[in-house]
>>> print(open('query13.pdb').read())   # PDB, C-alpha atoms, pLDDT in the B column
ATOM      1  CA  GLY P 169     163.774   2.768  83.029  1.00 89.00           C
ATOM      2  CA  VAL P 170     164.574   5.284  85.700  1.00 93.00           C
ATOM      3  CA  VAL P 171     164.112   4.896  89.465  1.00 96.00           C
ATOM      4  CA  VAL P 172     164.421   8.081  91.517  1.00 96.00           C
ATOM      5  CA  PRO P 173     164.837   7.894  95.307  1.00 96.00           C
ATOM      6  CA  GLN P 174     163.726  10.288  98.032  1.00 95.00           C
ATOM      7  CA  VAL P 175     160.741  11.920  96.330  1.00 96.00           C
ATOM      8  CA  ARG P 176     158.433  13.721  98.700  1.00 97.00           C
ATOM      9  CA  THR P 177     155.771  15.599  96.742  1.00 97.00           C
ATOM     10  CA  PRO P 178     153.737  15.438  93.547  1.00 96.00           C
ATOM     11  CA  ALA P 179     155.789  18.424  92.299  1.00 94.00           C
ATOM     12  CA  ASP P 180     158.956  16.311  92.695  1.00 95.00           C
ATOM     13  CA  VAL P 181     157.388  13.567  90.590  1.00 95.00           C
ATOM     14  CA  GLU P 182     156.067  15.980  87.936  1.00 92.00           C
ATOM     15  CA  SER P 183     159.590  17.355  87.546  1.00 89.00           C
ATOM     16  CA  ILE P 184     161.063  13.851  87.259  1.00 91.00           C
ATOM     17  CA  VAL P 185     158.504  12.757  84.667  1.00 90.00           C
ATOM     18  CA  ALA P 186     159.120  15.910  82.589  1.00 85.00           C
ATOM     19  CA  ASP P 187     162.890  15.452  82.767  1.00 84.00           C
ATOM     20  CA  CYS P 188     162.579  11.877  81.493  1.00 85.00           C
ATOM     21  CA  ARG P 189     160.997  13.117  78.284  1.00 80.00           C
ATOM     22  CA  TYR P 190     162.378  14.991  75.301  1.00 74.00           C
ATOM     23  CA  PRO P 191     161.172  18.587  74.858  1.00 65.00           C
ATOM     24  CA  THR P 192     158.112  17.431  72.902  1.00 57.00           C
ATOM     25  CA  GLY P 193     156.964  15.224  75.789  1.00 53.00           C
ATOM     26  CA  GLY P 194     156.441  15.718  79.494  1.00 51.00           C
ATOM     27  CA  GLN P 195     155.076  19.064  80.599  1.00 54.00           C
ATOM     28  CA  ARG P 196     156.963  21.378  78.270  1.00 53.00           C
ATOM     29  CA  SER P 197     154.551  23.363  76.172  1.00 53.00           C
ATOM     30  CA  ALA P 198     154.884  24.145  72.475  1.00 53.00           C
ATOM     31  CA  PRO P 199     156.608  25.589  70.567  1.00 52.00           C
ATOM     32  CA  HIS P 200     159.339  23.032  71.090  1.00 52.00           C
ATOM     33  CA  ASP P 201     161.832  24.738  68.788  1.00 54.00           C
ATOM     34  CA  VAL P 202     162.113  27.838  70.990  1.00 57.00           C
ATOM     35  CA  ALA P 203     164.656  27.978  73.798  1.00 57.00           C
ATOM     36  CA  GLU P 204     163.166  27.431  77.235  1.00 58.00           C
ATOM     37  CA  PRO P 205     164.417  29.669  80.048  1.00 59.00           C
ATOM     38  CA  GLU P 206     166.093  27.958  82.950  1.00 60.00           C
ATOM     39  CA  ALA P 207     164.044  27.936  86.150  1.00 59.00           C
ATOM     40  CA  ALA P 208     165.732  28.864  89.410  1.00 56.00           C
ATOM     41  CA  GLY P 209     167.300  25.807  90.981  1.00 54.00           C
ATOM     42  CA  ARG P 210     166.459  23.584  87.993  1.00 51.00           C
ATOM     43  CA  ARG P 211     168.753  22.229  85.347  1.00 50.00           C
ATOM     44  CA  ARG P 212     167.515  20.764  82.098  1.00 52.00           C
ATOM     45  CA  ARG P 213     169.348  18.042  80.272  1.00 52.00           C
ATOM     46  CA  GLY P 214     170.660  18.808  76.846  1.00 55.00           C
ATOM     47  CA  PHE P 215     169.058  17.706  73.634  1.00 64.00           C
ATOM     48  CA  GLY P 216     171.179  15.417  71.550  1.00 70.00           C
ATOM     49  CA  PRO P 217     169.609  12.125  70.482  1.00 76.00           C
ATOM     50  CA  THR P 218     172.234  11.564  67.770  1.00 78.00           C
ATOM     51  CA  THR P 219     173.487   8.181  68.953  1.00 79.00           C
ATOM     52  CA  PRO P 220     170.104   6.551  69.694  1.00 79.00           C
ATOM     53  CA  MET P 221     168.841   7.864  66.324  1.00 80.00           C
ATOM     54  CA  ASN P 222     171.588   5.791  64.672  1.00 81.00           C
ATOM     55  CA  TYR P 223     173.469   8.967  63.765  1.00 82.00           C
ATOM     56  CA  GLY P 224     170.564  10.516  61.915  1.00 80.00           C
ATOM     57  CA  ARG P 225     169.417   7.399  60.089  1.00 84.00           C
ATOM     58  CA  LEU P 226     166.147   7.282  62.053  1.00 83.00           C
ATOM     59  CA  ASN P 227     163.423   9.885  61.669  1.00 85.00           C
ATOM     60  CA  MET P 228     163.636  12.314  64.589  1.00 82.00           C
ATOM     61  CA  ASP P 229     159.896  12.714  65.162  1.00 82.00           C
ATOM     62  CA  GLU P 230     159.372   8.949  65.189  1.00 84.00           C
ATOM     63  CA  TYR P 231     162.346   8.416  67.481  1.00 83.00           C
ATOM     64  CA  LEU P 232     161.232  11.101  69.960  1.00 82.00           C
ATOM     65  CA  ALA P 233     157.694   9.714  70.095  1.00 81.00           C
ATOM     66  CA  ALA P 234     158.978   6.165  70.623  1.00 83.00           C
ATOM     67  CA  ALA P 235     161.509   7.269  73.265  1.00 83.00           C
ATOM     68  CA  ASP P 236     158.883   9.181  75.231  1.00 81.00           C
ATOM     69  CA  ALA P 237     156.372   6.336  74.952  1.00 82.00           C
ATOM     70  CA  ASN P 238     158.866   3.702  76.090  1.00 87.00           C
ATOM     71  CA  VAL P 239     160.524   5.292  79.094  1.00 90.00           C
ATOM     72  CA  PHE P 240     159.571   3.646  82.412  1.00 95.00           C
ATOM     73  CA  VAL P 241     159.547   6.099  85.325  1.00 96.00           C
ATOM     74  CA  ALA P 242     159.532   4.861  88.916  1.00 97.00           C
ATOM     75  CA  VAL P 243     159.906   6.738  92.202  1.00 98.00           C
ATOM     76  CA  MET P 244     160.802   5.406  95.615  1.00 97.00           C
ATOM     77  CA  ILE P 245     158.359   5.993  98.452  1.00 98.00           C
ATOM     78  CA  GLU P 246     160.593   6.043 101.499  1.00 96.00           C
ATOM     79  CA  THR P 247     159.724   9.155 103.515  1.00 96.00           C
ATOM     80  CA  VAL P 248     156.828  10.077 105.773  1.00 97.00           C
ATOM     81  CA  GLU P 249     156.160  13.109 103.563  1.00 97.00           C
ATOM     82  CA  ALA P 250     155.889  10.909 100.453  1.00 97.00           C
ATOM     83  CA  LEU P 251     153.583   8.556 102.327  1.00 97.00           C
ATOM     84  CA  LYS P 252     151.317  11.483 103.272  1.00 97.00           C
ATOM     85  CA  ASN P 253     151.292  12.548  99.600  1.00 98.00           C
ATOM     86  CA  ILE P 254     151.003   9.062  98.116  1.00 98.00           C
ATOM     87  CA  ASP P 255     147.612   9.525  96.477  1.00 98.00           C
ATOM     88  CA  ALA P 256     148.630  12.783  94.796  1.00 98.00           C
ATOM     89  CA  ILE P 257     151.987  11.286  93.782  1.00 98.00           C
ATOM     90  CA  CYS P 258     150.222   8.355  92.121  1.00 98.00           C
ATOM     91  CA  GLU P 259     147.963  10.772  90.217  1.00 97.00           C
ATOM     92  CA  VAL P 260     150.910  12.224  88.283  1.00 96.00           C
ATOM     93  CA  PRO P 261     150.560  11.414  84.565  1.00 93.00           C
ATOM     94  CA  GLY P 262     153.623   9.683  83.135  1.00 91.00           C
ATOM     95  CA  LEU P 263     154.597   8.004  86.398  1.00 96.00           C
ATOM     96  CA  ASP P 264     154.630   4.243  85.830  1.00 96.00           C
ATOM     97  CA  CYS P 265     155.642   2.695  89.135  1.00 98.00           C
ATOM     98  CA  VAL P 266     156.125   3.282  92.842  1.00 98.00           C
ATOM     99  CA  VAL P 267     158.901   1.445  94.643  1.00 97.00           C
ATOM    100  CA  ILE P 268     158.241   0.729  98.299  1.00 96.00           C
ATOM    101  CA  GLY P 269     161.450   1.661 100.127  1.00 93.00           C
ATOM    102  CA  ALA P 270     160.573  -0.246 103.283  1.00 90.00           C
ATOM    103  CA  ASN P 271     163.881   0.089 105.121  1.00 91.00           C
ATOM    104  CA  ASP P 272     164.135   3.844 104.640  1.00 94.00           C
ATOM    105  CA  LEU P 273     160.418   4.262 105.294  1.00 94.00           C
ATOM    106  CA  SER P 274     160.639   2.323 108.553  1.00 94.00           C
ATOM    107  CA  GLY P 275     163.577   4.513 109.617  1.00 95.00           C
ATOM    108  CA  ALA P 276     161.707   7.672 108.642  1.00 96.00           C
ATOM    109  CA  MET P 277     158.803   6.485 110.793  1.00 95.00           C
ATOM    110  CA  GLY P 278     161.156   6.072 113.765  1.00 95.00           C
ATOM    111  CA  LEU P 279     161.104   2.283 113.473  1.00 95.00           C
ATOM    112  CA  PRO P 280     164.383   1.434 111.725  1.00 93.00           C
ATOM    113  CA  TYR P 281     164.476  -2.059 110.208  1.00 89.00           C
ATOM    114  CA  GLN P 282     161.084  -2.892 111.680  1.00 88.00           C
ATOM    115  CA  GLY P 283     159.359  -3.389 108.353  1.00 83.00           C
ATOM    116  CA  SER P 284     156.910  -5.897 109.792  1.00 84.00           C
ATOM    117  CA  SER P 285     155.644  -3.473 112.455  1.00 90.00           C
ATOM    118  CA  PRO P 286     151.949  -2.594 112.201  1.00 93.00           C
ATOM    119  CA  GLN P 287     152.754   1.075 111.486  1.00 95.00           C
ATOM    120  CA  VAL P 288     155.069   0.305 108.574  1.00 93.00           C
ATOM    121  CA  GLN P 289     152.704  -2.319 107.187  1.00 92.00           C
ATOM    122  CA  ALA P 290     149.848   0.203 107.362  1.00 95.00           C
ATOM    123  CA  GLY P 291     152.045   2.544 105.297  1.00 96.00           C
ATOM    124  CA  VAL P 292     152.738  -0.229 102.798  1.00 95.00           C
ATOM    125  CA  ASP P 293     148.981  -0.836 102.537  1.00 95.00           C
ATOM    126  CA  GLU P 294     148.440   2.886 101.795  1.00 97.00           C
ATOM    127  CA  ILE P 295     151.067   2.802  99.053  1.00 97.00           C
ATOM    128  CA  VAL P 296     149.612  -0.351  97.485  1.00 97.00           C
ATOM    129  CA  ALA P 297     146.054   1.008  97.616  1.00 97.00           C
ATOM    130  CA  ALA P 298     146.987   4.372  96.043  1.00 98.00           C
ATOM    131  CA  ALA P 299     149.047   2.741  93.303  1.00 98.00           C
ATOM    132  CA  LYS P 300     146.206   0.352  92.464  1.00 97.00           C
ATOM    133  CA  ARG P 301     143.668   3.213  92.371  1.00 98.00           C
ATOM    134  CA  HIS P 302     145.783   5.068  89.847  1.00 98.00           C
ATOM    135  CA  GLY P 303     146.952   2.113  87.764  1.00 98.00           C
ATOM    136  CA  LYS P 304     150.616   2.253  88.760  1.00 98.00           C
ATOM    137  CA  PHE P 305     152.928  -0.715  89.055  1.00 98.00           C
ATOM    138  CA  ILE P 306     154.236  -1.527  92.538  1.00 98.00           C
ATOM    139  CA  PHE P 307     157.792  -2.738  93.153  1.00 97.00           C
ATOM    140  CA  PHE P 308     159.207  -4.247  96.332  1.00 94.00           C
ATOM    141  CA  SER P 309     162.606  -5.737  97.121  1.00 90.00           C
ATOM    142  CA  THR P 310     163.202  -8.235  99.915  1.00 87.00           C
ATOM    143  CA  ARG P 311     165.398 -11.162 100.875  1.00 85.00           C
ATOM    144  CA  ASP P 312     162.423 -12.932 102.470  1.00 87.00           C
ATOM    145  CA  PRO P 313     160.464 -15.219 100.082  1.00 90.00           C
ATOM    146  CA  ALA P 314     157.550 -15.465 102.542  1.00 91.00           C
ATOM    147  CA  LEU P 315     157.217 -11.663 102.642  1.00 89.00           C
ATOM    148  CA  ALA P 316     157.417 -11.536  98.850  1.00 91.00           C
ATOM    149  CA  LYS P 317     154.566 -14.033  98.630  1.00 95.00           C
ATOM    150  CA  ARG P 318     152.420 -11.983 101.057  1.00 92.00           C
ATOM    151  CA  LEU P 319     153.084  -8.787  99.105  1.00 93.00           C
ATOM    152  CA  ALA P 320     152.233 -10.474  95.807  1.00 96.00           C
ATOM    153  CA  LYS P 321     148.874 -11.437  97.308  1.00 96.00           C
ATOM    154  CA  ARG P 322     148.387  -7.781  98.338  1.00 94.00           C
ATOM    155  CA  GLY P 323     148.911  -6.623  94.758  1.00 95.00           C
ATOM    156  CA  VAL P 324     152.637  -5.969  94.346  1.00 96.00           C
ATOM    157  CA  GLN P 325     153.433  -6.855  90.726  1.00 96.00           C
ATOM    158  CA  ILE P 326     157.223  -6.456  90.609  1.00 96.00           C
ATOM    159  CA  LEU P 327     159.211  -8.342  93.234  1.00 94.00           C
ATOM    160  CA  HIS P 328     162.963  -8.533  93.594  1.00 91.00           C
ATOM    161  CA  VAL P 329     163.708 -11.417  95.943  1.00 90.00           C
ATOM    162  CA  GLY P 330     167.234 -11.923  97.138  1.00 86.00           C
ATOM    163  CA  SER P 331     170.339  -9.806  97.010  1.00 83.00           C
ATOM    164  CA  ASP P 332     172.934  -9.645  94.288  1.00 85.00           C
ATOM    165  CA  VAL P 333     175.537  -8.546  96.836  1.00 88.00           C
ATOM    166  CA  LEU P 334     174.789 -11.451  99.185  1.00 85.00           C
ATOM    167  CA  ALA P 335     174.799 -13.881  96.256  1.00 87.00           C
ATOM    168  CA  ALA P 336     178.193 -12.590  95.138  1.00 91.00           C
ATOM    169  CA  VAL P 337     179.585 -12.810  98.694  1.00 92.00           C
ATOM    170  CA  ALA P 338     178.280 -16.373  99.105  1.00 91.00           C
ATOM    171  CA  HIS P 339     179.764 -17.404  95.753  1.00 93.00           C
ATOM    172  CA  HIS P 340     183.157 -15.910  96.490  1.00 94.00           C
ATOM    173  CA  THR P 341     183.207 -17.399  99.993  1.00 95.00           C
ATOM    174  CA  ARG P 342     182.734 -20.851  98.386  1.00 94.00           C
ATOM    175  CA  VAL P 343     185.458 -20.130  95.808  1.00 94.00           C
ATOM    176  CA  VAL P 344     187.953 -19.036  98.458  1.00 94.00           C
ATOM    177  CA  ALA P 345     187.135 -22.099 100.583  1.00 94.00           C
ATOM    178  CA  GLU P 346     187.640 -24.343  97.569  1.00 92.00           C
ATOM    179  CA  ILE P 347     190.995 -22.735  96.783  1.00 93.00           C
ATOM    180  CA  LYS P 348     192.153 -23.048 100.402  1.00 94.00           C
ATOM    181  CA  GLU P 349     191.272 -26.768 100.409  1.00 91.00           C
ATOM    182  CA  GLY P 350     193.838 -27.388  97.684  1.00 78.00           C
ATOM    183  CA  VAL P 351     196.653 -25.414  99.334  1.00 80.00           C
TER     184      VAL P 351
END
>>> encode(input="query13.pdb", output="structure tokens")
Amino acid sequence: GVVVPQVRTPADVESIVADCRYPTGGQRSAPHDVAEPEAAGRRRRGFGPTTPMNYGRLNMDEYLAAADANVFVAVMIETVEALKNIDAICEVPGLDCVVIGANDLSGAMGLPYQGSSPQVQAGVDEIVAAAKRHGKFIFFSTRDPALAKRLAKRGVQILHVGSDVLAAVAHHTRVVAEIKEGV
């Protein structure tokens, strides 16, 4: 899947969804075998599914359909502008998931690292409600198991609890301490 940060508008999300699809998917109209002009300020990725098609051993039409059907597109909601546009963002076809970027959102609201403040929690409620209305998955990451439990009860389906960086630091701190004991 793909997670894109700092989206602000439905147009941002429409562009992301289209760019995650091969020319036959997304919002690119037929005919698909005719070159598409570049839009100002937009770059399109190339077309070359040779490797994932097992070097031509898989049927291209079947591969393209499967690739487009199986991509998971998520966007991070972490700006006040995105929060204001959350319902329209969640309406975008092809978007699968919204990621609540609570730290950035709290900072954007002028309340840095105050994710439990009533204002930020009201924003989280808006995100959850819009995503539910439009059948989108909701993702949240936290180090706090109690917060994860509360968000699960509110309807968040994908929770990342903990921190890989903190786990690695804790592990290596123990390893270094163990090594120093033997010296």
>>> closest_residue(input="query13.pdb", among="P:Asn253, P:Thr218, P:Asn238, P:Thr247", to="P:Ser274", atoms="all atoms listed in the file")
P:Thr247
>>> closest_atom_pairs(input="query13.pdb", of="stretch 197-293 of chain P", to="stretch 309-322 of chain P", cutoff="12 Å", atoms="all atoms listed in the file", output="Markdown table")
| residue | atom | partner | partner_atom | distance |
| --- | --- | --- | --- | --- |
| P:Met244 | CA | P:Ser309 | CA | 11.4 |
| P:Val266 | CA | P:Ser309 | CA | 11.9 |
| P:Val267 | CA | P:Ser309 | CA | 8.5 |
| P:Ile268 | CA | P:Ser309 | CA | 7.9 |
| P:Gly269 | CA | P:Ser309 | CA | 8.1 |
| P:Ala270 | CA | P:Ser309 | CA | 8.5 |
| P:Asn271 | CA | P:Thr310 | CA | 9.8 |
| P:Gly283 | CA | P:Leu315 | CA | 10.3 |
| P:Ser284 | CA | P:Leu315 | CA | 9.2 |
| P:Gln289 | CA | P:Leu319 | CA | 10.4 |
| P:Val292 | CA | P:Leu319 | CA | 9.3 |
| P:Asp293 | CA | P:Arg322 | CA | 8.1 |
>>> atom_distance(input="query13.pdb", atom1="atom CA of P:Ala237", atom2="atom CA of P:Pro261")
12.3 Å
>>> residues_around(input="query13.pdb", residues="P:Gly262", least_positions_apart="4", cutoff="10 Å", atoms="all atoms listed in the file", output="list in words")
Val181, Glu182, Ile184, Val185, Ala186, Cys188, Arg189, Gly193, Gly194, Gln195, Asp236, Ala237, Val239, Phe240, Val241, Ala242, Cys258 and Lys304 of chain P
>>> closest_residue(input="query13.pdb", among="P:Val260, P:Glu346, P:Met228, P:Thr219", to="P:Ser183", atoms="all atoms listed in the file")
P:Val260
>>> resolve_selection(input="query13.pdb", expression="the PyMOL selection byres ((chain P and resi 252) around 12)", output="VMD selection string")
chain P and resid 175 to 178 245 to 251 253 to 258 273 277 291 to 292 294 to 295 298
>>> atom_distance(input="query13.pdb", atom1="atom CA of P:Leu232", atom2="atom CA of P:Cys265")
21.7 Å
>>> atom_distance(input="query13.pdb", atom1="atom CA of P:Gln287", atom2="atom CA of P:Ala299")
18.6 Å
>>> closest_residue(input="query13.pdb", among="P:Val172, P:Ala338, P:Ala345, P:Ala234", to="P:Met221", atoms="all atoms listed in the file")
P:Ala234
>>> decode(input="query13.pdb", residues="stretch 301-321 of chain P", atoms="N, CA, C and O atoms", output="PDB file, in the first residue's frame")
ATOM      1  N   ARG P 301     -18.745   7.175   7.455  1.00  0.00           N
ATOM      2  CA  ARG P 301     -19.833   7.485   6.509  1.00  0.00           C
ATOM      3  C   ARG P 301     -19.506   7.015   5.098  1.00  0.00           C
ATOM      4  O   ARG P 301     -20.393   6.625   4.348  1.00  0.00           O
ATOM      5  N   HIS P 302     -18.238   7.073   4.750  1.00  0.00           N
ATOM      6  CA  HIS P 302     -17.843   6.758   3.379  1.00  0.00           C
ATOM      7  C   HIS P 302     -17.149   5.405   3.243  1.00  0.00           C
ATOM      8  O   HIS P 302     -16.584   5.100   2.189  1.00  0.00           O
ATOM      9  N   GLY P 303     -17.185   4.608   4.300  1.00  0.00           N
ATOM     10  CA  GLY P 303     -16.654   3.251   4.230  1.00  0.00           C
ATOM     11  C   GLY P 303     -15.144   3.155   4.090  1.00  0.00           C
ATOM     12  O   GLY P 303     -14.635   2.218   3.469  1.00  0.00           O
ATOM     13  N   LYS P 304     -14.433   4.101   4.677  1.00  0.00           N
ATOM     14  CA  LYS P 304     -12.968   4.084   4.625  1.00  0.00           C
ATOM     15  C   LYS P 304     -12.403   3.493   5.913  1.00  0.00           C
ATOM     16  O   LYS P 304     -12.983   3.661   6.988  1.00  0.00           O
ATOM     17  N   PHE P 305     -11.272   2.835   5.798  1.00  0.00           N
ATOM     18  CA  PHE P 305     -10.568   2.374   6.982  1.00  0.00           C
ATOM     19  C   PHE P 305      -9.955   3.577   7.692  1.00  0.00           C
ATOM     20  O   PHE P 305      -9.654   4.594   7.069  1.00  0.00           O
ATOM     21  N   ILE P 306      -9.743   3.432   8.996  1.00  0.00           N
ATOM     22  CA  ILE P 306      -9.139   4.492   9.806  1.00  0.00           C
ATOM     23  C   ILE P 306      -7.925   3.904  10.516  1.00  0.00           C
ATOM     24  O   ILE P 306      -8.021   2.852  11.150  1.00  0.00           O
ATOM     25  N   PHE P 307      -6.801   4.611  10.408  1.00  0.00           N
ATOM     26  CA  PHE P 307      -5.535   4.158  10.985  1.00  0.00           C
ATOM     27  C   PHE P 307      -5.066   5.190  12.002  1.00  0.00           C
ATOM     28  O   PHE P 307      -5.169   6.394  11.765  1.00  0.00           O
ATOM     29  N   PHE P 308      -4.536   4.706  13.118  1.00  0.00           N
ATOM     30  CA  PHE P 308      -3.988   5.593  14.137  1.00  0.00           C
ATOM     31  C   PHE P 308      -2.771   4.931  14.762  1.00  0.00           C
ATOM     32  O   PHE P 308      -2.774   3.730  15.013  1.00  0.00           O
ATOM     33  N   SER P 309      -1.746   5.709  15.023  1.00  0.00           N
ATOM     34  CA  SER P 309      -0.529   5.213  15.647  1.00  0.00           C
ATOM     35  C   SER P 309      -0.311   5.924  16.977  1.00  0.00           C
ATOM     36  O   SER P 309      -0.435   7.147  17.054  1.00  0.00           O
ATOM     37  N   THR P 310      -0.013   5.148  18.003  1.00  0.00           N
ATOM     38  CA  THR P 310       0.215   5.716  19.334  1.00  0.00           C
ATOM     39  C   THR P 310       1.128   4.802  20.133  1.00  0.00           C
ATOM     40  O   THR P 310       1.249   3.614  19.826  1.00  0.00           O
ATOM     41  N   ARG P 311       1.732   5.356  21.160  1.00  0.00           N
ATOM     42  CA  ARG P 311       2.518   4.538  22.096  1.00  0.00           C
ATOM     43  C   ARG P 311       1.684   4.180  23.326  1.00  0.00           C
ATOM     44  O   ARG P 311       2.131   3.443  24.182  1.00  0.00           O
ATOM     45  N   ASP P 312       0.482   4.733  23.403  1.00  0.00           N
ATOM     46  CA  ASP P 312      -0.362   4.616  24.593  1.00  0.00           C
ATOM     47  C   ASP P 312      -1.452   3.553  24.386  1.00  0.00           C
ATOM     48  O   ASP P 312      -2.418   3.784  23.660  1.00  0.00           O
ATOM     49  N   PRO P 313      -1.323   2.379  25.026  1.00  0.00           N
ATOM     50  CA  PRO P 313      -2.326   1.324  24.863  1.00  0.00           C
ATOM     51  C   PRO P 313      -3.735   1.754  25.288  1.00  0.00           C
ATOM     52  O   PRO P 313      -4.719   1.340  24.677  1.00  0.00           O
ATOM     53  N   ALA P 314      -3.830   2.596  26.313  1.00  0.00           N
ATOM     54  CA  ALA P 314      -5.159   3.049  26.759  1.00  0.00           C
ATOM     55  C   ALA P 314      -5.822   3.905  25.680  1.00  0.00           C
ATOM     56  O   ALA P 314      -7.024   3.773  25.417  1.00  0.00           O
ATOM     57  N   LEU P 315      -5.052   4.777  25.033  1.00  0.00           N
ATOM     58  CA  LEU P 315      -5.593   5.594  23.945  1.00  0.00           C
ATOM     59  C   LEU P 315      -5.992   4.705  22.767  1.00  0.00           C
ATOM     60  O   LEU P 315      -7.045   4.904  22.157  1.00  0.00           O
ATOM     61  N   ALA P 316      -5.177   3.711  22.465  1.00  0.00           N
ATOM     62  CA  ALA P 316      -5.505   2.789  21.383  1.00  0.00           C
ATOM     63  C   ALA P 316      -6.836   2.087  21.656  1.00  0.00           C
ATOM     64  O   ALA P 316      -7.675   1.954  20.751  1.00  0.00           O
ATOM     65  N   LYS P 317      -7.047   1.694  22.874  1.00  0.00           N
ATOM     66  CA  LYS P 317      -8.293   1.014  23.252  1.00  0.00           C
ATOM     67  C   LYS P 317      -9.491   1.958  23.076  1.00  0.00           C
ATOM     68  O   LYS P 317     -10.529   1.564  22.537  1.00  0.00           O
ATOM     69  N   ARG P 318      -9.333   3.224  23.511  1.00  0.00           N
ATOM     70  CA  ARG P 318     -10.423   4.200  23.351  1.00  0.00           C
ATOM     71  C   ARG P 318     -10.734   4.447  21.873  1.00  0.00           C
ATOM     72  O   ARG P 318     -11.896   4.523  21.476  1.00  0.00           O
ATOM     73  N   LEU P 319      -9.686   4.542  21.053  1.00  0.00           N
ATOM     74  CA  LEU P 319      -9.903   4.785  19.628  1.00  0.00           C
ATOM     75  C   LEU P 319     -10.533   3.579  18.943  1.00  0.00           C
ATOM     76  O   LEU P 319     -11.355   3.738  18.039  1.00  0.00           O
ATOM     77  N   ALA P 320     -10.167   2.382  19.363  1.00  0.00           N
ATOM     78  CA  ALA P 320     -10.803   1.184  18.808  1.00  0.00           C
ATOM     79  C   ALA P 320     -12.301   1.205  19.099  1.00  0.00           C
ATOM     80  O   ALA P 320     -13.118   0.880  18.230  1.00  0.00           O
ATOM     81  N   LYS P 321     -12.668   1.630  20.285  1.00  0.00           N
ATOM     82  CA  LYS P 321     -14.090   1.717  20.646  1.00  0.00           C
ATOM     83  C   LYS P 321     -14.807   2.785  19.815  1.00  0.00           C
ATOM     84  O   LYS P 321     -16.001   2.679  19.587  1.00  0.00           O
TER      85      LYS P 321
END
